[in-house]
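Student: You'll find upload.cif just under this line, and it carries mmCIF, C-alpha atoms.
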data_model
loop_
_atom_site.group_PDB
_atom_site.id
_atom_site.type_symbol
_atom_site.label_atom_id
_atom_site.label_comp_id
_atom_site.auth_asym_id
_atom_site.auth_seq_id
_atom_site.Cartn_x
_atom_site.Cartn_y
_atom_site.Cartn_z
ATOM 1 C CA MET A 167 71.458 -48.093 24.070
ATOM 2 C CA SER A 168 72.366 -50.071 27.165
ATOM 3 C CA TYR A 169 72.680 -47.196 29.682
ATOM 4 C CA ARG A 170 74.817 -49.589 31.719
ATOM 5 C CA ASP A 171 76.568 -46.830 33.693
ATOM 6 C CA TYR A 172 73.268 -45.383 34.865
ATOM 7 C CA VAL A 173 72.074 -48.831 35.962
ATOM 8 C CA ILE A 174 75.326 -49.470 37.846
ATOM 9 C CA ALA A 175 75.123 -46.046 39.522
ATOM 10 C CA ALA A 176 71.511 -46.608 40.628
ATOM 11 C CA TYR A 177 72.224 -50.092 42.032
ATOM 12 C CA ALA A 178 75.366 -48.783 43.773
ATOM 13 C CA VAL A 179 73.300 -46.066 45.498
ATOM 14 C CA PHE A 180 70.789 -48.719 46.593
ATOM 15 C CA ALA A 181 73.537 -51.014 47.921
ATOM 16 C CA VAL A 182 75.295 -48.222 49.840
ATOM 17 C CA VAL A 183 72.075 -46.955 51.446
ATOM 18 C CA MET A 184 70.978 -50.478 52.414
ATOM 19 C CA LEU A 185 74.440 -51.129 53.867
ATOM 20 C CA TRP A 186 74.099 -47.958 55.946
ATOM 21 C CA ASP A 187 70.610 -49.047 56.992
ATOM 22 C CA TRP A 188 72.091 -52.317 58.284
ATOM 23 C CA LEU A 189 75.233 -50.862 59.841
ATOM 24 C CA ALA A 190 73.794 -47.774 61.593
ATOM 25 C CA PRO A 191 71.499 -49.618 64.059
ATOM 26 C CA LYS A 192 74.243 -52.184 64.689
ATOM 27 C CA LEU A 193 76.615 -49.385 65.720
ATOM 28 C CA GLN A 194 73.870 -47.722 67.791
ATOM 29 C CA LEU A 195 73.281 -50.969 69.653
ATOM 30 C CA ARG A 196 76.992 -51.453 70.287
ATOM 31 C CA ALA A 197 77.323 -47.850 71.536
ATOM 32 C CA ALA A 198 74.267 -48.250 73.806
ATOM 33 C CA LEU A 199 75.625 -51.458 75.376
ATOM 34 C CA ARG A 200 79.067 -49.883 75.834
ATOM 35 C CA ALA A 201 77.544 -46.808 77.528
ATOM 36 C CA ILE A 202 75.562 -49.082 79.863
ATOM 37 C CA ARG A 203 78.701 -51.070 80.758
ATOM 38 C CA LEU A 204 80.684 -47.872 81.431
ATOM 39 C CA ARG A 205 77.883 -46.532 83.585
ATOM 40 C CA ALA A 206 77.760 -49.781 85.567
ATOM 41 C CA ALA A 207 81.546 -49.676 86.014
ATOM 42 C CA ARG A 208 81.372 -46.051 87.227
ATOM 43 C CA ASN A 209 78.650 -46.920 89.703
ATOM 44 C CA ALA A 210 80.601 -49.934 90.937
ATOM 45 C CA ASN A 211 83.698 -47.785 91.556
ATOM 46 C CA ARG A 212 81.659 -45.164 93.361
ATOM 47 C CA ALA A 213 79.874 -47.582 95.687
ATOM 48 C CA PRO A 214 82.820 -48.658 97.982
ATOM 49 C CA ALA A 215 83.832 -45.016 98.583
ATOM 50 C CA ALA A 216 80.360 -44.224 99.864
ATOM 51 C CA ASN A 217 80.423 -47.253 102.199
ATOM 52 C CA THR A 218 83.845 -46.270 103.618
ATOM 53 C CA GLU A 219 82.524 -42.825 104.393
ATOM 54 C CA LEU A 220 79.592 -44.307 106.295
ATOM 55 C CA GLU A 221 81.780 -46.734 108.258
ATOM 56 C CA ARG A 222 84.072 -43.934 109.377
ATOM 57 C CA MET B 8 42.358 -63.243 77.339
ATOM 58 C CA SER B 9 43.298 -64.826 74.040
ATOM 59 C CA PRO B 10 46.935 -65.924 73.720
ATOM 60 C CA LEU B 11 47.516 -63.491 70.838
ATOM 61 C CA ILE B 12 46.324 -60.464 72.811
ATOM 62 C CA ARG B 13 48.322 -61.620 75.840
ATOM 63 C CA TRP B 14 51.407 -61.937 73.626
ATOM 64 C CA PHE B 15 50.910 -58.352 72.338
ATOM 65 C CA HIS B 16 50.637 -57.073 75.917
ATOM 66 C CA GLN B 17 53.764 -58.970 76.910
ATOM 67 C CA LEU B 18 55.627 -57.604 73.878
ATOM 68 C CA GLY B 19 55.068 -54.091 75.243
ATOM 69 C CA SER B 20 57.356 -54.947 78.150
ATOM 70 C CA PRO B 21 60.907 -53.691 77.375
ATOM 71 C CA PRO B 22 62.778 -56.935 78.292
ATOM 72 C CA THR B 23 60.321 -59.068 76.294
ATOM 73 C CA PHE B 24 60.636 -56.760 73.292
ATOM 74 C CA ASP B 25 64.424 -56.865 73.577
ATOM 75 C CA ARG B 26 64.435 -60.666 73.476
ATOM 76 C CA PHE B 27 61.966 -60.660 70.572
ATOM 77 C CA ALA B 28 64.005 -58.111 68.572
ATOM 78 C CA ALA B 29 67.309 -59.847 69.300
ATOM 79 C CA ARG B 30 65.860 -63.120 68.077
ATOM 80 C CA TRP B 31 64.117 -61.947 64.903
ATOM 81 C CA THR B 32 66.327 -59.105 63.597
ATOM 82 C CA PRO B 33 68.966 -61.370 61.975
ATOM 83 C CA TRP B 34 66.232 -63.527 60.397
ATOM 84 C CA ALA B 35 64.423 -60.533 58.932
ATOM 85 C CA TYR B 36 67.670 -59.180 57.480
ATOM 86 C CA LEU B 37 68.677 -62.589 56.141
ATOM 87 C CA LEU B 38 65.309 -63.369 54.535
ATOM 88 C CA GLY B 39 65.159 -59.816 53.144
ATOM 89 C CA LEU B 40 68.620 -60.207 51.675
ATOM 90 C CA LEU B 41 67.694 -63.560 50.106
ATOM 91 C CA ALA B 42 64.474 -62.205 48.580
ATOM 92 C CA MET B 43 66.291 -59.134 47.266
ATOM 93 C CA GLY B 44 69.052 -61.388 45.921
ATOM 94 C CA VAL B 45 66.504 -63.404 43.930
ATOM 95 C CA GLY B 46 64.836 -60.190 42.742
ATOM 96 C CA LEU B 47 68.088 -58.519 41.731
ATOM 97 C CA TYR B 48 69.275 -61.621 39.873
ATOM 98 C CA GLY B 49 66.030 -61.650 37.897
ATOM 99 C CA ALA B 50 66.132 -57.888 37.334
ATOM 100 C CA LEU B 51 69.718 -57.805 36.096
ATOM 101 C CA PHE B 52 70.206 -61.159 34.353
ATOM 102 C CA GLN B 53 66.880 -62.761 33.455
ATOM 103 C CA VAL B 54 64.505 -60.031 32.361
ATOM 104 C CA PRO B 55 65.022 -58.825 28.776
ATOM 105 C CA ALA B 56 65.875 -55.191 28.060
ATOM 106 C CA ASP B 57 62.932 -52.898 27.345
ATOM 107 C CA TYR B 58 62.341 -52.246 23.650
ATOM 108 C CA GLN B 59 62.284 -48.462 24.195
ATOM 109 C CA GLN B 60 64.250 -47.776 27.373
ATOM 110 C CA GLY B 61 66.915 -50.448 26.926
ATOM 111 C CA ASP B 62 68.633 -51.505 30.163
ATOM 112 C CA SER B 63 67.755 -48.281 31.979
ATOM 113 C CA PHE B 64 64.352 -49.728 32.850
ATOM 114 C CA ARG B 65 66.153 -52.150 35.230
ATOM 115 C CA ILE B 66 66.445 -49.206 37.647
ATOM 116 C CA LEU B 67 62.700 -49.644 38.174
ATOM 117 C CA TYR B 68 63.367 -52.804 40.236
ATOM 118 C CA ILE B 69 64.947 -50.746 43.015
ATOM 119 C CA HIS B 70 63.133 -47.472 42.403
ATOM 120 C CA VAL B 71 59.542 -48.741 42.657
ATOM 121 C CA PRO B 72 59.928 -50.923 45.807
ATOM 122 C CA SER B 73 61.835 -48.071 47.499
ATOM 123 C CA ALA B 74 59.105 -45.582 46.556
ATOM 124 C CA TRP B 75 56.408 -47.892 47.936
ATOM 125 C CA MET B 76 58.433 -48.386 51.113
ATOM 126 C CA SER B 77 58.972 -44.636 51.521
ATOM 127 C CA MET B 78 55.209 -44.124 51.729
ATOM 128 C CA ALA B 79 54.322 -47.330 53.603
ATOM 129 C CA VAL B 80 56.928 -46.663 56.296
ATOM 130 C CA PHE B 81 55.632 -43.126 56.789
ATOM 131 C CA GLY B 82 52.093 -44.478 57.181
ATOM 132 C CA LEU B 83 53.302 -47.076 59.691
ATOM 133 C CA MET B 84 55.266 -44.434 61.596
ATOM 134 C CA ALA B 85 52.134 -42.281 61.857
ATOM 135 C CA CYS B 86 50.091 -45.306 63.080
ATOM 136 C CA TYR B 87 52.631 -46.071 65.811
ATOM 137 C CA ALA B 88 52.762 -42.370 66.715
ATOM 138 C CA ALA B 89 48.962 -42.186 66.973
ATOM 139 C CA ILE B 90 48.841 -45.307 69.189
ATOM 140 C CA ALA B 91 51.628 -43.850 71.330
ATOM 141 C CA LEU B 92 49.811 -40.534 71.709
ATOM 142 C CA ILE B 93 46.416 -42.056 72.466
ATOM 143 C CA TRP B 94 47.344 -45.007 74.695
ATOM 144 C CA ARG B 95 50.769 -43.769 75.895
ATOM 145 C CA ILE B 96 52.461 -47.021 74.916
ATOM 146 C CA LYS B 97 56.195 -46.433 75.219
ATOM 147 C CA LEU B 98 57.139 -49.191 72.800
ATOM 148 C CA CYS B 99 55.019 -47.568 70.080
ATOM 149 C CA GLU B 100 56.915 -44.289 70.589
ATOM 150 C CA ILE B 101 60.153 -46.224 70.138
ATOM 151 C CA LEU B 102 58.878 -48.052 67.051
ATOM 152 C CA ALA B 103 57.536 -44.838 65.486
ATOM 153 C CA MET B 104 60.880 -43.117 65.877
ATOM 154 C CA ALA B 105 62.739 -46.200 64.642
ATOM 155 C CA CYS B 106 60.738 -46.039 61.396
ATOM 156 C CA ALA B 107 62.056 -42.600 60.442
ATOM 157 C CA PRO B 108 65.704 -43.321 59.455
ATOM 158 C CA SER B 109 64.730 -46.373 57.379
ATOM 159 C CA GLY B 110 61.909 -44.482 55.697
ATOM 160 C CA ALA B 111 64.264 -41.597 54.954
ATOM 161 C CA ALA B 112 66.757 -44.075 53.486
ATOM 162 C CA PHE B 113 64.121 -45.529 51.141
ATOM 163 C CA THR B 114 62.992 -42.026 50.158
ATOM 164 C CA LEU B 115 66.574 -41.064 49.392
ATOM 165 C CA VAL B 116 66.982 -44.184 47.225
ATOM 166 C CA THR B 117 63.728 -43.334 45.431
ATOM 167 C CA LEU B 118 64.852 -39.795 44.640
ATOM 168 C CA ALA B 119 68.409 -40.755 43.699
ATOM 169 C CA THR B 120 67.488 -43.705 41.469
ATOM 170 C CA GLY B 121 64.648 -41.723 39.870
ATOM 171 C CA SER B 122 67.086 -38.944 39.125
ATOM 172 C CA ILE B 123 69.632 -41.380 37.659
ATOM 173 C CA TRP B 124 66.894 -42.888 35.469
ATOM 174 C CA GLY B 125 65.598 -39.412 34.525
ATOM 175 C CA LYS B 126 68.883 -38.229 33.069
ATOM 176 C CA PRO B 127 68.943 -40.619 30.083
ATOM 177 C CA MET B 128 65.136 -40.866 29.710
ATOM 178 C CA TRP B 129 63.968 -37.284 30.333
ATOM 179 C CA GLY B 130 67.278 -35.553 29.585
ATOM 180 C CA THR B 131 67.448 -34.015 33.067
ATOM 181 C CA TRP B 132 68.476 -35.084 36.555
ATOM 182 C CA TRP B 133 65.618 -33.214 38.187
ATOM 183 C CA ASP B 134 62.301 -31.569 37.341
ATOM 184 C CA TRP B 135 59.908 -29.773 39.680
ATOM 185 C CA ASP B 136 57.266 -32.288 38.697
ATOM 186 C CA PRO B 137 54.440 -32.922 41.258
ATOM 187 C CA ARG B 138 55.505 -36.525 41.977
ATOM 188 C CA LEU B 139 59.177 -35.644 42.391
ATOM 189 C CA THR B 140 58.466 -32.539 44.455
ATOM 190 C CA THR B 141 56.044 -34.282 46.830
ATOM 191 C CA GLU B 142 58.516 -37.147 47.292
ATOM 192 C CA LEU B 143 61.200 -34.570 48.152
ATOM 193 C CA ILE B 144 58.833 -33.008 50.717
ATOM 194 C CA LEU B 145 58.389 -36.517 52.169
ATOM 195 C CA LEU B 146 62.168 -36.738 52.649
ATOM 196 C CA PHE B 147 62.118 -33.353 54.415
ATOM 197 C CA LEU B 148 59.283 -34.587 56.640
ATOM 198 C CA TYR B 149 61.311 -37.665 57.603
ATOM 199 C CA LEU B 150 64.303 -35.444 58.358
ATOM 200 C CA GLY B 151 62.017 -33.145 60.353
ATOM 201 C CA VAL B 152 60.751 -36.063 62.464
ATOM 202 C CA MET B 153 64.314 -37.274 63.087
ATOM 203 C CA GLY B 154 65.552 -33.754 63.857
ATOM 204 C CA LEU B 155 62.714 -33.017 66.276
ATOM 205 C CA TYR B 156 63.236 -36.327 68.078
ATOM 206 C CA ALA B 157 66.935 -35.561 68.461
ATOM 207 C CA ALA B 158 66.428 -31.931 69.501
ATOM 208 C CA ILE B 159 64.397 -32.499 72.702
ATOM 209 C CA ASP B 160 66.213 -33.974 75.704
ATOM 210 C CA ASP B 161 63.260 -35.732 77.328
ATOM 211 C CA ARG B 162 62.781 -38.870 75.214
ATOM 212 C CA ARG B 163 59.042 -39.197 75.790
ATOM 213 C CA ASN B 164 58.280 -35.550 75.029
ATOM 214 C CA ALA B 165 60.561 -35.755 71.983
ATOM 215 C CA ALA B 166 58.738 -38.837 70.681
ATOM 216 C CA ARG B 167 55.351 -37.184 71.202
ATOM 217 C CA ALA B 168 56.349 -33.983 69.391
ATOM 218 C CA ALA B 169 57.946 -35.872 66.498
ATOM 219 C CA GLY B 170 54.992 -38.278 66.417
ATOM 220 C CA LEU B 171 52.597 -35.389 66.028
ATOM 221 C CA LEU B 172 54.604 -34.155 63.041
ATOM 222 C CA ALA B 173 54.404 -37.677 61.558
ATOM 223 C CA ILE B 174 50.620 -37.756 62.005
ATOM 224 C CA VAL B 175 50.196 -34.356 60.338
ATOM 225 C CA GLY B 176 52.563 -35.419 57.549
ATOM 226 C CA VAL B 177 50.304 -38.342 56.588
ATOM 227 C CA ALA B 178 48.231 -35.805 54.622
ATOM 228 C CA LEU B 179 51.056 -35.807 52.076
ATOM 229 C CA LEU B 180 50.736 -39.515 51.253
ATOM 230 C CA PRO B 181 47.552 -39.319 49.092
ATOM 231 C CA VAL B 182 49.017 -36.265 47.360
ATOM 232 C CA ILE B 183 52.095 -38.297 46.380
ATOM 233 C CA ARG B 184 49.944 -41.265 45.366
ATOM 234 C CA TRP B 185 47.576 -39.308 43.109
ATOM 235 C CA SER B 186 49.939 -36.525 42.020
ATOM 236 C CA VAL B 187 50.293 -38.186 38.606
ATOM 237 C CA VAL B 188 46.497 -38.191 38.232
ATOM 238 C CA TRP B 189 45.672 -34.732 39.616
ATOM 239 C CA TRP B 190 48.321 -32.794 37.667
ATOM 240 C CA ASN B 191 49.982 -32.984 34.292
ATOM 241 C CA SER B 192 53.092 -34.843 35.266
ATOM 242 C CA LEU B 193 56.313 -35.748 33.530
ATOM 243 C CA HIS B 194 56.358 -38.815 35.772
ATOM 244 C CA GLN B 195 54.536 -41.761 34.247
ATOM 245 C CA GLY B 196 51.163 -42.840 35.603
ATOM 246 C CA GLN B 197 50.395 -46.063 37.449
ATOM 247 C CA THR B 198 51.757 -49.069 35.558
ATOM 248 C CA ILE B 199 51.988 -51.691 38.291
ATOM 249 C CA ARG B 200 48.951 -52.767 40.238
ATOM 250 C CA MET B 201 48.844 -55.072 43.228
ATOM 251 C CA PHE B 202 45.267 -56.006 42.340
ATOM 252 C CA GLY B 203 44.188 -56.042 38.697
ATOM 253 C CA GLU B 204 46.187 -56.115 35.519
ATOM 254 C CA SER B 205 49.491 -54.223 35.310
ATOM 255 C CA SER B 206 50.521 -52.558 32.077
ATOM 256 C CA MET B 207 53.990 -54.040 32.602
ATOM 257 C CA ASP B 208 54.613 -57.297 30.775
ATOM 258 C CA ALA B 209 54.154 -60.403 32.937
ATOM 259 C CA SER B 210 57.661 -61.654 32.047
ATOM 260 C CA MET B 211 59.153 -58.583 33.720
ATOM 261 C CA ILE B 212 57.102 -58.398 36.876
ATOM 262 C CA ALA B 213 58.227 -61.382 39.030
ATOM 263 C CA PRO B 214 61.584 -59.823 40.112
ATOM 264 C CA LEU B 215 59.689 -56.713 41.174
ATOM 265 C CA TRP B 216 57.545 -58.688 43.633
ATOM 266 C CA TRP B 217 60.653 -60.380 45.016
ATOM 267 C CA MET B 218 62.151 -56.937 45.579
ATOM 268 C CA VAL B 219 58.945 -55.729 47.239
ATOM 269 C CA VAL B 220 59.009 -58.700 49.639
ATOM 270 C CA GLY B 221 62.769 -58.263 50.198
ATOM 271 C CA THR B 222 62.574 -54.552 51.034
ATOM 272 C CA HIS B 223 59.687 -55.186 53.447
ATOM 273 C CA LEU B 224 61.623 -57.888 55.297
ATOM 274 C CA TRP B 225 64.778 -55.755 55.302
ATOM 275 C CA PHE B 226 62.796 -52.911 56.819
ATOM 276 C CA VAL B 227 61.458 -55.207 59.564
ATOM 277 C CA GLY B 228 65.063 -56.112 60.459
ATOM 278 C CA SER B 229 66.097 -52.480 60.451
ATOM 279 C CA LEU B 230 63.075 -51.409 62.497
ATOM 280 C CA LEU B 231 63.658 -54.066 65.160
ATOM 281 C CA ALA B 232 67.385 -53.297 65.370
ATOM 282 C CA ARG B 233 66.843 -49.535 65.754
ATOM 283 C CA ALA B 234 63.984 -49.981 68.207
ATOM 284 C CA ARG B 235 66.118 -52.381 70.267
ATOM 285 C CA ALA B 236 68.956 -49.850 70.519
ATOM 286 C CA ASP B 237 66.573 -47.053 71.543
ATOM 287 C CA ASN B 238 64.790 -49.354 74.017
ATOM 288 C CA LEU B 239 68.119 -50.207 75.681
ATOM 289 C CA ARG B 240 69.136 -46.531 75.873
ATOM 290 C CA ARG B 241 65.845 -45.656 77.570
ATOM 291 C CA GLU B 242 66.074 -48.584 79.987
ATOM 292 C CA ALA B 243 69.774 -48.027 80.722
ATOM 293 C CA GLY B 244 69.362 -47.900 84.514
ATOM 294 C CA LYS B 245 67.472 -51.192 84.828
ATOM 295 C CA ASP B 246 68.991 -54.418 86.150
ATOM 296 C CA TRP B 247 68.050 -56.536 83.142
ATOM 297 C CA VAL B 248 69.865 -54.098 80.822
ATOM 298 C CA GLY B 249 72.973 -54.187 83.019
ATOM 299 C CA LYS B 250 72.990 -57.986 82.912
ATOM 300 C CA LEU B 251 72.481 -57.943 79.155
ATOM 301 C CA ALA B 252 75.347 -55.475 78.679
ATOM 302 C CA GLU B 253 77.637 -57.646 80.791
ATOM 303 C CA ALA B 254 76.602 -60.772 78.902
ATOM 304 C CA SER B 255 77.304 -59.109 75.546
ATOM 305 C CA ARG B 256 80.886 -58.175 76.517
#
Would it be possible to restate this file's structure as structure tokens?
Tutor:
Amino acid sequence: MSYRDYVIAAYAVFAVVMLWDWLAPKLQLRAALRAIRLRAARNANRAPAANTELER
Amino acid sequence: MSPLIRWFHQLGSPPTFDRFAARWTPWAYLLGLLAMGVGLYGALFQVPADYQQGDSFRILYIHVPSAWMSMAVFGLMACYAAIALIWRIKLCEILAMACAPSGAAFTLVTLATGSIWGKPMWGTWWDWDPRLTTELILLFLYLGVMGLYAAIDDRRNAARAAGLLAIVGVALLPVIRWSVVWWNSLHQGQTIRMFGESSMDASMIAPLWWMVVGTHLWFVGSLLARARADNLRREAGKDWVGKLAEASR
């Protein structure tokens, strides 16, 4: 018997899990960089308001 | 100080590690993919079918390297965790925790492909056999490490707690390794040896070594990528991270 379907199923599981293993950290990195950019933008917007208050 | 030791010390610095990981991650993935490509080609198209198991034995070429990785990664995770606990090296905490998802992925592949192979060969998807059961416990340990790391807000305390679980969990590795020797097991005994003669025919073994090399390199890529993301999250307030985030826009 060839058991081809079982072989295909096993290799498909391997491919999907490896794809996830490649994609998940990539998405984590993208999310981390985006969060850092947003945080920097928030801080930049907050900074002039604080200065104005001091000048007044 | 020797250049190698100095390089290791420098690598512990977050910006240096980030540059190192950014540089080598794509190469590790690419070389891993190439090695696995060679291995898979050999496994699927060059190696003859087994005289008893037919084509189902080809599952071995992903099952065995994944099983080896599942144990090796856990051992590495425990080593990093021990170094992090003893010498308080932050990068080792990050690397230990970055090992867990990849190790869990390889364990999942091991269990799933073993189950798929077991159905036609043993007539069942699952059996509470010592090797299968201990490998399942390994998956739960990986999930426990990941869950504990995610459950505690303070990243350093979380890494220490999860690292301790990883160190304790190492006790399972010899049980998995010798489960087929210590108990009557449905799972076959050792057939492939790194040193000494394997009971697998020489014509069938080359693709397996390619897969072993490929999965190791793939794991290095995955480890560096995950550790880089965690490193950046932890260093989020620093200037160099801000500049990097702006540059990556």
Student: With all atoms listed in the file as the basis for distance, which of B:Ala252, B:Met218, B:Val45, B:Ile90 is at the shortest distance from A:Ala201?
Tutor: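 Smallest separation from A:Ala201 among the options: B:Ala252.
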Student: Do you know which residues are at most 10 Å from B:Trp31 counting only C-alpha atoms, after dropping those on the same chain fewer than 3 positions away, and could you put them as a list of chain:residue names?
Tutor: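 Skipping anything fewer than 3 positions along the chain leaves B:Arg26, B:Phe27, B:Ala28, B:Trp34, B:Ala35, B:Tyr36, B:Leu37, B:Val227, B:Gly228, B:Leu231, B:Ala232.
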Student: For this structure, which residues satisfy the selection - the PyMOL selection byres ((chain B) within 6 of (chain A)) - when it is evaluated on the file as given? I want them as a list in words.
Tutor: Gly61, Asp62, Ser63, Ile66, Val116, Thr120, Ala232, Arg233, Ala236, Arg240, Ala243 and Ala252 of chain B
Student: The selected residues should be written to file as a compact mmCIF listing (two decimals), keeping the file's coordinate frame (atoms: C-alpha atoms).
Tutor:
# COMPACT_ATOMS: atom_id res chain seq x y z
CA GLY B 61 66.92 -50.45 26.93
CA ASP B 62 68.63 -51.50 30.16
CA SER B 63 67.76 -48.28 31.98
CA ILE B 66 66.44 -49.21 37.65
CA VAL B 116 66.98 -44.18 47.22
CA THR B 120 67.49 -43.70 41.47
CA ALA B 232 67.39 -53.30 65.37
CA ARG B 233 66.84 -49.54 65.75
CA ALA B 236 68.96 -49.85 70.52
CA ARG B 240 69.14 -46.53 75.87
CA ALA B 243 69.77 -48.03 80.72
CA ALA B 252 75.35 -55.48 78.68
Student: Quick one: distance from atom CA of B:Gly39 to atom CA of B:Trp225 in Å, one decimal?
Tutor: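 Separating atom CA of B:Gly39 from atom CA of B:Trp225 is a distance of 4.6 Å.
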Student: Please report the interatomic distance between atom CA of B:Glu204 and atom CA of B:Phe52 in Å with one decimal.
Tutor: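 Between atom CA of B:Glu204 and atom CA of B:Phe52 the gap works out to 24.6 Å.
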Student: Mind giving me the straight-line distance from atom CA of B:Asp136 to atom CA of B:Asn191 in Å, one decimal?
Tutor: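 Computing it gives 8.5 Å between the two atoms.
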Student: I want to know what sits within 8 Å of stretch 161-168 of chain B, based on only C-alpha atoms, with residues of the same chain fewer than 6 positions away left out; could you give that as an MDAnalysis selection string?
Tutor: chainID B and resid 88 91:92 97 100:101 104 155 241
Student: Using the chain letters and numbers from this file, what does the PyMOL selection byres ((chain B and resi 48) around 12) select? Give the answer as a short mmCIF file (atom, residue, chain, number, x, y, z; two decimals) with C-alpha atoms, in the coordinates of the input.
Tutor:
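Ended up saving to expr.cif:
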data_model
loop_
_atom_site.label_atom_id
_atom_site.label_comp_id
_atom_site.auth_asym_id
_atom_site.auth_seq_id
_atom_site.Cartn_x
_atom_site.Cartn_y
_atom_site.Cartn_z
CA LEU B 40 68.62 -60.21 51.68
CA LEU B 41 67.69 -63.56 50.11
CA ALA B 42 64.47 -62.20 48.58
CA MET B 43 66.29 -59.13 47.27
CA GLY B 44 69.05 -61.39 45.92
CA VAL B 45 66.50 -63.40 43.93
CA GLY B 46 64.84 -60.19 42.74
CA LEU B 47 68.09 -58.52 41.73
CA GLY B 49 66.03 -61.65 37.90
CA ALA B 50 66.13 -57.89 37.33
CA LEU B 51 69.72 -57.80 36.10
CA PHE B 52 70.21 -61.16 34.35
CA GLN B 53 66.88 -62.76 33.46
CA VAL B 54 64.50 -60.03 32.36
CA ARG B 65 66.15 -52.15 35.23
CA TYR B 68 63.37 -52.80 40.24
CA ALA B 213 58.23 -61.38 39.03
CA PRO B 214 61.58 -59.82 40.11
CA LEU B 215 59.69 -56.71 41.17
CA TRP B 217 60.65 -60.38 45.02
CA MET B 218 62.15 -56.94 45.58
#
Student: From the options B:Leu98, B:Leu38, B:Leu67, B:Leu224, which residue's atoms come nearest to B:His16, counting all atoms listed in the file?
Tutor: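 Using all atoms listed in the file, the shortest distance to B:His16 belongs to B:Leu98.
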Student: Expand the PyMOL selection byres ((chain B and resi 76) around 8) into the individual residues it matches in the shown file, reporting them as a PyMOL selection string.
Tutor: chain B and resi 72-75+77-80+110+113-114+222-223
Student: Which of these, B:Trp94, B:Trp124, B:Trp189, B:Tyr156, has the shortest distance to B:Arg138 once you count all atoms listed in the file?
Tutor: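 The shortest atom-to-atom distance to B:Arg138 comes from B:Trp189.
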Student: Which polymer residues, protein or nucleic acid, are no farther than 12 Å from (47.8, -39.6, 49.9), counting all atoms listed in the file, as a list of chain:residue names?
Tutor: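 In the file's frame, the residues around the point are B:Met78, B:Ala79, B:Phe81, B:Gly82, B:Arg138, B:Thr141, B:Glu142, B:Leu145, B:Val175, B:Gly176, B:Val177, B:Ala178, B:Leu179, B:Leu180, B:Pro181, B:Val182, B:Ile183, B:Arg184, B:Trp185, B:Ser186, B:Val187, B:Val188, B:Trp189.
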Student: Go ahead and write the residues just picked, C-alpha atoms, as a PDB file, in the frame of the given file.
Tutor:
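Below is the file result_6.pdb, written as the result:
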ATOM      1  CA  MET B  78      55.209 -44.124  51.729  1.00  0.00           C
ATOM      2  CA  ALA B  79      54.322 -47.330  53.603  1.00  0.00           C
ATOM      3  CA  PHE B  81      55.632 -43.126  56.789  1.00  0.00           C
ATOM      4  CA  GLY B  82      52.093 -44.478  57.181  1.00  0.00           C
ATOM      5  CA  ARG B 138      55.505 -36.525  41.977  1.00  0.00           C
ATOM      6  CA  THR B 141      56.044 -34.282  46.830  1.00  0.00           C
ATOM      7  CA  GLU B 142      58.516 -37.147  47.292  1.00  0.00           C
ATOM      8  CA  LEU B 145      58.389 -36.517  52.169  1.00  0.00           C
ATOM      9  CA  VAL B 175      50.196 -34.356  60.338  1.00  0.00           C
ATOM     10  CA  GLY B 176      52.563 -35.419  57.549  1.00  0.00           C
ATOM     11  CA  VAL B 177      50.304 -38.342  56.588  1.00  0.00           C
ATOM     12  CA  ALA B 178      48.231 -35.805  54.622  1.00  0.00           C
ATOM     13  CA  LEU B 179      51.056 -35.807  52.076  1.00  0.00           C
ATOM     14  CA  LEU B 180      50.736 -39.515  51.253  1.00  0.00           C
ATOM     15  CA  PRO B 181      47.552 -39.319  49.092  1.00  0.00           C
ATOM     16  CA  VAL B 182      49.017 -36.265  47.360  1.00  0.00           C
ATOM     17  CA  ILE B 183      52.095 -38.297  46.380  1.00  0.00           C
ATOM     18  CA  ARG B 184      49.944 -41.265  45.366  1.00  0.00           C
ATOM     19  CA  TRP B 185      47.576 -39.308  43.109  1.00  0.00           C
ATOM     20  CA  SER B 186      49.939 -36.525  42.020  1.00  0.00           C
ATOM     21  CA  VAL B 187      50.293 -38.186  38.606  1.00  0.00           C
ATOM     22  CA  VAL B 188      46.497 -38.191  38.232  1.00  0.00           C
ATOM     23  CA  TRP B 189      45.672 -34.732  39.616  1.00  0.00           C
TER      24      TRP B 189
END
